[in-house]
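The structure appears below as structure tokens.
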Amino acid sequence: MLHFLQRFPRSGFARTSLALRSASTKASTQLAAAHLLLYDKQYINGKWVPSSNKDSFIDVTDSNTGEIFASVADGTAVDTEQAIIAASNAFHSWSNLSLSERKRYIQQILEEYEKVKPDIANALTKELGAPQEFAKNVHSELYPFYSRQYLSIVDEYEWVEELDDIALVVKEPIGVVGAITPWNWPLNQIACKMVPALLAGCTFVLKPSEVTPINAYLLTEAVHASGLPPGVFNMVCGTGPKVGEVLATHPLVDMVSFTGSTGVGKHLHMLGSSTVKRVRSE
């Protein structure tokens, strides 16, 4: 939680509507399968919207067979900036909600997540290559597990600390958080970034791994169904150079939380320094 807060001493105190498209319509892909699952939209400002890169997609491989079973949007800097602006515009109202109201939204997302959890487990057996029982009993349970953990401890968090009767340290939300998550343990990393950030009062732009993006699309369906205010959570699917680097350099992003390779982490820290934003890497 503390990563998504800033300390101020104060003196004196869808599935995009899921579509099927014939493999024959994608010239760059030759498949034995008759159809691909197509997730061709981004989630920005509370809506599923077409990517500005409408004619380009990223293929998702079934790790069990090596065949392509889905395609997702190949996001652009334009998509990413739209998501960042939406998150920035939503920050004031979201951060001014009471903690109990923010908790209520997180609980509603949890309730909607249960409806898509079987689909998420099935997706993870393909895109991640997780064994069915492991996907069902471990991977798909990580988002609710961490959500409940954060919900159970957030009321005990000290948002204001008095220092020897001479000052108060007030912990306030940082602002817009850009989250870049890895292909392995994808829901684990999304939950550990998204839930505390939202509870702290930050707004959020997620760039899931383009290797295992389907679980993120399904989670986003749950977010949409929960009634979370527009702009509080956004998701842009795409590659690091097109999406991740925009999160690291954009002046309206106040923090980047990254899990991935050492080399990419170093690169993001360097990019983030141009706007003196916080970059937390694992």
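Residue numbering restarts at 1 for every chain of the structure tokens, chains are lettered A, B, ... in their displayed order, and ligands are numbered from 1 as they appear.
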Show me, as an mmCIF file with N, CA and C atoms, in the first residue's frame, the residues that have an atom within 9 Å of Leu218 in chain A when counting only C-alpha atoms, minus same-chain residues fewer than 4 positions from it.
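Saved file selection30.cif follows:
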```cif
data_model
loop_
_atom_site.group_PDB
_atom_site.id
_atom_site.type_symbol
_atom_site.label_atom_id
_atom_site.label_comp_id
_atom_site.auth_asym_id
_atom_site.auth_seq_id
_atom_site.Cartn_x
_atom_site.Cartn_y
_atom_site.Cartn_z
ATOM 1 N N ALA A 14 -13.434 -7.965 -23.646
ATOM 2 C CA ALA A 14 -13.949 -7.895 -23.460
ATOM 3 C C ALA A 14 -13.896 -8.737 -23.755
ATOM 4 N N ARG A 15 -14.209 -8.723 -22.113
ATOM 5 C CA ARG A 15 -13.966 -9.187 -23.484
ATOM 6 C C ARG A 15 -14.543 -8.096 -24.279
ATOM 7 N N TYR A 113 -15.863 -10.927 -10.484
ATOM 8 C CA TYR A 113 -14.750 -11.813 -10.856
ATOM 9 C C TYR A 113 -15.159 -13.279 -10.737
ATOM 10 N N VAL A 116 -16.482 -14.802 -13.889
ATOM 11 C CA VAL A 116 -15.582 -15.066 -15.024
ATOM 12 C C VAL A 116 -14.418 -15.969 -14.632
ATOM 13 N N LYS A 117 -14.333 -16.344 -13.366
ATOM 14 C CA LYS A 117 -13.188 -17.135 -12.898
ATOM 15 C C LYS A 117 -13.023 -18.451 -13.647
ATOM 16 N N ASP A 119 -13.711 -19.073 -16.743
ATOM 17 C CA ASP A 119 -13.157 -18.712 -18.052
ATOM 18 C C ASP A 119 -11.687 -18.319 -17.934
ATOM 19 N N ILE A 120 -11.358 -17.643 -16.847
ATOM 20 C CA ILE A 120 -9.968 -17.245 -16.624
ATOM 21 C C ILE A 120 -9.091 -18.480 -16.455
ATOM 22 N N PRO A 213 -2.358 -12.237 -22.290
ATOM 23 C CA PRO A 213 -3.259 -11.103 -22.057
ATOM 24 C C PRO A 213 -4.721 -11.466 -21.821
ATOM 25 N N ILE A 214 -5.125 -12.705 -22.155
ATOM 26 C CA ILE A 214 -6.557 -13.019 -22.134
ATOM 27 C C ILE A 214 -7.122 -12.940 -20.721
ATOM 28 N N ALA A 222 -14.882 -8.069 -15.541
ATOM 29 C CA ALA A 222 -15.415 -8.001 -14.176
ATOM 30 C C ALA A 222 -15.365 -6.573 -13.647
ATOM 31 N N VAL A 223 -14.282 -5.870 -13.937
ATOM 32 C CA VAL A 223 -14.175 -4.472 -13.519
ATOM 33 C C VAL A 223 -15.294 -3.656 -14.145
#
```
**OP:** Write out as a PyMOL selection string all residues of range 113-215 of chain A that DSSP puts in strand (DSSP E or B) for this structure's backbone.
**Re:** chain A and resi 160-163+167-173+176-180+203-207
Can I get the selected residues back with N, CA, C and O atoms, as a short mmCIF file (atom, residue, chain, number, x, y, z; two decimals), in the first residue's frame?
```cif
data_model
loop_
_atom_site.label_atom_id
_atom_site.label_comp_id
_atom_site.auth_asym_id
_atom_site.auth_seq_id
_atom_site.Cartn_x
_atom_site.Cartn_y
_atom_site.Cartn_z
N VAL A 160 -2.49 8.84 8.71
CA VAL A 160 -1.94 10.05 9.33
C VAL A 160 -1.13 9.64 10.55
O VAL A 160 -1.60 8.87 11.39
N GLU A 161 0.11 10.13 10.62
CA GLU A 161 0.97 9.83 11.76
C GLU A 161 1.40 11.13 12.43
O GLU A 161 1.87 12.06 11.76
N GLU A 162 1.25 11.19 13.74
CA GLU A 162 1.70 12.35 14.49
C GLU A 162 3.14 12.13 14.94
O GLU A 162 3.49 11.07 15.46
N LEU A 163 3.97 13.13 14.73
CA LEU A 163 5.39 13.02 15.06
C LEU A 163 5.72 13.94 16.23
O LEU A 163 5.85 15.17 16.07
N ALA A 167 4.37 17.70 14.34
CA ALA A 167 4.02 17.60 12.92
C ALA A 167 3.15 16.38 12.68
O ALA A 167 3.12 15.45 13.49
N LEU A 168 2.46 16.41 11.56
CA LEU A 168 1.72 15.25 11.08
C LEU A 168 2.31 14.81 9.75
O LEU A 168 2.67 15.65 8.91
N VAL A 169 2.40 13.50 9.55
CA VAL A 169 2.73 12.97 8.24
C VAL A 169 1.43 12.43 7.64
O VAL A 169 0.82 11.50 8.18
N VAL A 170 0.99 13.05 6.57
CA VAL A 170 -0.27 12.68 5.92
C VAL A 170 0.05 11.91 4.64
O VAL A 170 0.78 12.41 3.78
N LYS A 171 -0.46 10.70 4.54
CA LYS A 171 -0.18 9.85 3.37
C LYS A 171 -1.33 9.99 2.38
O LYS A 171 -2.48 9.69 2.71
N GLU A 172 -1.00 10.45 1.19
CA GLU A 172 -2.00 10.73 0.18
C GLU A 172 -1.70 9.94 -1.09
O GLU A 172 -0.54 9.59 -1.34
N PRO A 173 -2.72 9.65 -1.89
CA PRO A 173 -2.48 8.89 -3.13
C PRO A 173 -1.53 9.62 -4.08
O PRO A 173 -1.60 10.84 -4.22
N VAL A 176 -1.81 8.95 -10.83
CA VAL A 176 -2.01 7.94 -11.87
C VAL A 176 -0.87 6.92 -11.79
O VAL A 176 0.30 7.29 -11.83
N VAL A 177 -1.24 5.66 -11.68
CA VAL A 177 -0.26 4.57 -11.63
C VAL A 177 -0.32 3.78 -12.94
O VAL A 177 -1.39 3.34 -13.36
N GLY A 178 0.82 3.62 -13.57
CA GLY A 178 0.93 2.75 -14.74
C GLY A 178 1.54 1.43 -14.31
O GLY A 178 2.61 1.41 -13.68
N ALA A 179 0.87 0.32 -14.58
CA ALA A 179 1.33 -1.00 -14.15
C ALA A 179 1.67 -1.85 -15.36
O ALA A 179 0.86 -1.99 -16.28
N ILE A 180 2.87 -2.43 -15.34
CA ILE A 180 3.34 -3.29 -16.43
C ILE A 180 3.59 -4.66 -15.81
O ILE A 180 4.46 -4.80 -14.94
N THR A 203 -5.60 6.22 -9.47
CA THR A 203 -6.23 5.65 -10.67
C THR A 203 -5.18 4.86 -11.43
O THR A 203 -3.98 4.99 -11.17
N PHE A 204 -5.60 4.06 -12.40
CA PHE A 204 -4.77 2.93 -12.83
C PHE A 204 -4.84 2.72 -14.33
O PHE A 204 -5.92 2.75 -14.93
N VAL A 205 -3.66 2.50 -14.93
CA VAL A 205 -3.57 2.08 -16.33
C VAL A 205 -2.74 0.80 -16.36
O VAL A 205 -1.57 0.80 -15.99
N LEU A 206 -3.36 -0.29 -16.79
CA LEU A 206 -2.70 -1.59 -16.84
C LEU A 206 -2.22 -1.90 -18.25
O LEU A 206 -2.98 -1.79 -19.21
N LYS A 207 -0.94 -2.31 -18.35
CA LYS A 207 -0.43 -2.92 -19.58
C LYS A 207 -0.08 -4.36 -19.24
O LYS A 207 0.97 -4.65 -18.67
#
```
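Nearest to Ala87 in chain A of all the residues A:Thr125, A:Asn45, A:Glu221, A:Arg278 is A:Asn45, counting only C-alpha atoms.
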Subject >> alpha helix (DSSP H) positions in range 35-277 of chain A, given as a PyMOL selection string >> reply: chain A and resi 77-95+99-127+132-134+140-153+186-200+214-225+245-249+262-272
Generate the output file for the selected residues, C-alpha atoms, as an mmCIF file, in the first residue's frame.
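Final file, result09.cif:
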```
data_model
loop_
_atom_site.group_PDB
_atom_site.id
_atom_site.type_symbol
_atom_site.label_atom_id
_atom_site.label_comp_id
_atom_site.auth_asym_id
_atom_site.auth_seq_id
_atom_site.Cartn_x
_atom_site.Cartn_y
_atom_site.Cartn_z
ATOM 1 C CA ALA A 77 0.952 5.492 -28.010
ATOM 2 C CA VAL A 78 -2.381 7.117 -28.922
ATOM 3 C CA ASP A 79 -4.339 4.414 -27.065
ATOM 4 C CA THR A 80 -2.021 4.712 -24.077
ATOM 5 C CA GLU A 81 -2.273 8.484 -23.889
ATOM 6 C CA GLN A 82 -6.064 8.303 -24.035
ATOM 7 C CA ALA A 83 -6.024 5.878 -21.107
ATOM 8 C CA ILE A 84 -3.613 8.082 -19.149
ATOM 9 C CA ILE A 85 -5.756 11.169 -19.706
ATOM 10 C CA ALA A 86 -8.865 9.253 -18.589
ATOM 11 C CA ALA A 87 -7.078 8.127 -15.430
ATOM 12 C CA SER A 88 -5.828 11.641 -14.747
ATOM 13 C CA ASN A 89 -9.304 13.114 -15.181
ATOM 14 C CA ALA A 90 -10.785 10.521 -12.813
ATOM 15 C CA PHE A 91 -8.158 10.957 -10.111
ATOM 16 C CA HIS A 92 -9.674 13.892 -8.222
ATOM 17 C CA SER A 93 -13.107 12.360 -7.731
ATOM 18 C CA TRP A 94 -11.771 8.850 -7.004
ATOM 19 C CA SER A 95 -9.180 10.005 -4.480
ATOM 20 C CA LEU A 99 -12.129 4.570 1.942
ATOM 21 C CA SER A 100 -15.349 2.680 2.664
ATOM 22 C CA GLU A 101 -16.660 3.623 -0.790
ATOM 23 C CA ARG A 102 -13.465 2.506 -2.498
ATOM 24 C CA LYS A 103 -13.617 -0.760 -0.558
ATOM 25 C CA ARG A 104 -17.189 -1.268 -1.758
ATOM 26 C CA TYR A 105 -16.079 -1.041 -5.383
ATOM 27 C CA ILE A 106 -13.236 -3.518 -4.804
ATOM 28 C CA GLN A 107 -15.764 -5.906 -3.255
ATOM 29 C CA GLN A 108 -18.060 -5.494 -6.251
ATOM 30 C CA ILE A 109 -15.197 -6.329 -8.601
ATOM 31 C CA LEU A 110 -14.588 -9.469 -6.536
ATOM 32 C CA GLU A 111 -18.217 -10.505 -6.901
ATOM 33 C CA GLU A 112 -18.103 -10.022 -10.662
ATOM 34 C CA TYR A 113 -14.750 -11.813 -10.856
ATOM 35 C CA GLU A 114 -16.340 -14.995 -9.518
ATOM 36 C CA LYS A 115 -18.542 -15.065 -12.627
ATOM 37 C CA VAL A 116 -15.582 -15.066 -15.024
ATOM 38 C CA LYS A 117 -13.188 -17.135 -12.898
ATOM 39 C CA PRO A 118 -13.861 -20.432 -14.733
ATOM 40 C CA ASP A 119 -13.157 -18.712 -18.052
ATOM 41 C CA ILE A 120 -9.968 -17.245 -16.624
ATOM 42 C CA ALA A 121 -8.784 -20.681 -15.478
ATOM 43 C CA ASN A 122 -9.488 -22.089 -18.947
ATOM 44 C CA ALA A 123 -7.640 -19.218 -20.611
ATOM 45 C CA LEU A 124 -4.607 -19.719 -18.377
ATOM 46 C CA THR A 125 -4.346 -23.387 -19.322
ATOM 47 C CA LYS A 126 -3.817 -22.195 -22.899
ATOM 48 C CA GLU A 127 -1.956 -18.903 -22.866
ATOM 49 C CA GLN A 132 -5.871 -27.410 -15.500
ATOM 50 C CA GLU A 133 -6.053 -28.066 -11.764
ATOM 51 C CA PHE A 134 -3.249 -25.583 -11.057
ATOM 52 C CA SER A 140 -7.345 -18.056 -10.873
ATOM 53 C CA GLU A 141 -7.619 -17.827 -7.072
ATOM 54 C CA LEU A 142 -4.782 -15.313 -6.705
ATOM 55 C CA TYR A 143 -6.801 -12.225 -7.599
ATOM 56 C CA PRO A 144 -9.523 -12.894 -4.997
ATOM 57 C CA PHE A 145 -6.944 -14.013 -2.438
ATOM 58 C CA TYR A 146 -4.966 -10.781 -2.587
ATOM 59 C CA SER A 147 -8.073 -8.627 -2.877
ATOM 60 C CA ARG A 148 -9.425 -10.076 0.351
ATOM 61 C CA GLN A 149 -6.048 -9.705 2.043
ATOM 62 C CA TYR A 150 -5.870 -6.009 1.204
ATOM 63 C CA LEU A 151 -9.505 -5.449 2.156
ATOM 64 C CA SER A 152 -8.872 -7.105 5.529
ATOM 65 C CA ILE A 153 -5.915 -4.902 6.482
ATOM 66 C CA PRO A 186 -0.092 -12.711 -14.445
ATOM 67 C CA LEU A 187 -3.090 -12.373 -12.108
ATOM 68 C CA ASN A 188 -0.841 -12.441 -9.062
ATOM 69 C CA GLN A 189 1.026 -9.371 -10.288
ATOM 70 C CA ILE A 190 -2.077 -7.560 -11.504
ATOM 71 C CA ALA A 191 -3.770 -8.026 -8.126
ATOM 72 C CA CYS A 192 -0.720 -6.932 -6.138
ATOM 73 C CA LYS A 193 -0.493 -3.699 -8.142
ATOM 74 C CA MET A 194 -4.102 -2.870 -8.918
ATOM 75 C CA VAL A 195 -5.944 -3.494 -5.651
ATOM 76 C CA PRO A 196 -3.713 -1.518 -3.251
ATOM 77 C CA ALA A 197 -3.410 1.309 -5.782
ATOM 78 C CA LEU A 198 -7.195 1.648 -6.078
ATOM 79 C CA LEU A 199 -7.698 1.366 -2.322
ATOM 80 C CA ALA A 200 -5.097 4.081 -1.766
ATOM 81 C CA ILE A 214 -6.557 -13.019 -22.134
ATOM 82 C CA ASN A 215 -6.855 -13.329 -18.342
ATOM 83 C CA ALA A 216 -6.454 -9.546 -18.111
ATOM 84 C CA TYR A 217 -9.258 -9.015 -20.624
ATOM 85 C CA LEU A 218 -11.535 -11.283 -18.597
ATOM 86 C CA LEU A 219 -10.632 -9.526 -15.347
ATOM 87 C CA THR A 220 -11.412 -6.229 -17.039
ATOM 88 C CA GLU A 221 -14.866 -7.565 -17.910
ATOM 89 C CA ALA A 222 -15.415 -8.001 -14.176
ATOM 90 C CA VAL A 223 -14.175 -4.472 -13.519
ATOM 91 C CA HIS A 224 -16.575 -3.102 -16.123
ATOM 92 C CA ALA A 225 -19.523 -5.068 -14.738
ATOM 93 C CA GLU A 245 7.478 3.301 -22.674
ATOM 94 C CA VAL A 246 4.632 5.819 -22.942
ATOM 95 C CA LEU A 247 3.621 5.018 -19.368
ATOM 96 C CA ALA A 248 7.205 5.599 -18.267
ATOM 97 C CA THR A 249 7.635 8.940 -20.025
ATOM 98 C CA THR A 262 16.395 -6.481 -15.156
ATOM 99 C CA GLY A 263 17.197 -4.923 -18.510
ATOM 100 C CA VAL A 264 13.689 -3.592 -19.079
ATOM 101 C CA GLY A 265 13.505 -2.415 -15.477
ATOM 102 C CA LYS A 266 16.687 -0.368 -15.913
ATOM 103 C CA HIS A 267 15.326 1.088 -19.140
ATOM 104 C CA LEU A 268 12.052 2.129 -17.472
ATOM 105 C CA HIS A 269 13.907 3.763 -14.590
ATOM 106 C CA MET A 270 15.926 5.760 -17.107
ATOM 107 C CA LEU A 271 12.805 6.796 -19.034
ATOM 108 C CA GLY A 272 10.933 7.673 -15.862
#
```
Original post:
At what distance in Å, to one decimal, does CA of Val256 in chain A lie from CA of Asp74 in chain A?
Top reply: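 Between CA of Asp74 in chain A and CA of Val256 in chain A the gap works out to 20.6 Å.
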Original post:
Quick one: distance from CA of Leu97 in chain A to CA of Met255 in chain A in Å, one decimal?
Top reply: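 Atom-to-atom, CA of Leu97 in chain A to CA of Met255 in chain A, that is 20.5 Å.
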Original post:
Can you tell me, as a PyMOL selection string, what residues are no more than 8 Å from Trp183 in chain A when counting only C-alpha atoms, ignoring any on the same chain fewer than 3 positions away?
Top reply: chain A and resi 128+186+208-213
I need the chosen residues saved as a PDB file, in the first residue's frame, with N, CA, C and O atoms.
```pdb
ATOM      1  N   LEU A 128      -0.929 -19.539 -20.737  1.00  0.00           N
ATOM      2  CA  LEU A 128       0.187 -19.718 -19.817  1.00  0.00           C
ATOM      3  C   LEU A 128       0.741 -21.135 -19.848  1.00  0.00           C
ATOM      4  O   LEU A 128       1.904 -21.376 -19.515  1.00  0.00           O
ATOM      5  N   PRO A 186       0.448 -14.012 -14.029  1.00  0.00           N
ATOM      6  CA  PRO A 186      -0.092 -12.711 -14.445  1.00  0.00           C
ATOM      7  C   PRO A 186      -1.111 -12.124 -13.477  1.00  0.00           C
ATOM      8  O   PRO A 186      -1.029 -10.940 -13.136  1.00  0.00           O
ATOM      9  N   PRO A 208      -0.976  -5.305 -19.557  1.00  0.00           N
ATOM     10  CA  PRO A 208      -0.656  -6.707 -19.274  1.00  0.00           C
ATOM     11  C   PRO A 208       0.349  -7.237 -20.284  1.00  0.00           C
ATOM     12  O   PRO A 208       0.540  -6.655 -21.357  1.00  0.00           O
ATOM     13  N   SER A 209       0.968  -8.340 -19.946  1.00  0.00           N
ATOM     14  CA  SER A 209       1.875  -8.979 -20.897  1.00  0.00           C
ATOM     15  C   SER A 209       1.106  -9.365 -22.157  1.00  0.00           C
ATOM     16  O   SER A 209       0.010  -9.937 -22.090  1.00  0.00           O
ATOM     17  N   GLU A 210       1.701  -9.072 -23.304  1.00  0.00           N
ATOM     18  CA  GLU A 210       1.069  -9.466 -24.565  1.00  0.00           C
ATOM     19  C   GLU A 210       1.190 -10.965 -24.823  1.00  0.00           C
ATOM     20  O   GLU A 210       0.555 -11.496 -25.732  1.00  0.00           O
ATOM     21  N   VAL A 211       1.987 -11.663 -23.997  1.00  0.00           N
ATOM     22  CA  VAL A 211       2.115 -13.114 -24.119  1.00  0.00           C
ATOM     23  C   VAL A 211       0.931 -13.822 -23.463  1.00  0.00           C
ATOM     24  O   VAL A 211       0.437 -14.835 -23.955  1.00  0.00           O
ATOM     25  N   THR A 212       0.469 -13.278 -22.321  1.00  0.00           N
ATOM     26  CA  THR A 212      -0.669 -13.862 -21.593  1.00  0.00           C
ATOM     27  C   THR A 212      -1.689 -12.768 -21.273  1.00  0.00           C
ATOM     28  O   THR A 212      -1.906 -12.424 -20.112  1.00  0.00           O
ATOM     29  N   PRO A 213      -2.358 -12.237 -22.290  1.00  0.00           N
ATOM     30  CA  PRO A 213      -3.259 -11.103 -22.057  1.00  0.00           C
ATOM     31  C   PRO A 213      -4.721 -11.466 -21.821  1.00  0.00           C
ATOM     32  O   PRO A 213      -5.491 -10.622 -21.352  1.00  0.00           O
TER      33      PRO A 213
END
```
Subject >> Residue nearest Phe258 in chain A among A:Asp155, A:Gly240, A:Thr181, A:Gly66 (counting only C-alpha atoms) >> reply: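 Counting only C-alpha atoms, the residue closest to Phe258 in chain A is A:Thr181.
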Original post:
So which one's closest to Asp40 in chain A, A:Thr76, A:Ser257, A:Ser274, A:Asn53? Using only C-alpha atoms, please.
Top reply: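 For Asp40 in chain A, the nearest of the given residues is A:Asn53.
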**OP:** Could you jot down the CA of Ile68 in chain A to CA of Lys54 in chain A separation for me, Å, one decimal place?
**Re:**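 Going from CA of Ile68 in chain A over to CA of Lys54 in chain A, I get 19.3 Å.
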Original post:
Which one of A:Pro251, A:Ile174, A:Pro182, A:Asn64 sits closest to Glu282 in chain A if you count only C-alpha atoms?
Top reply: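 For Glu282 in chain A, the nearest of the candidates is A:Pro182.
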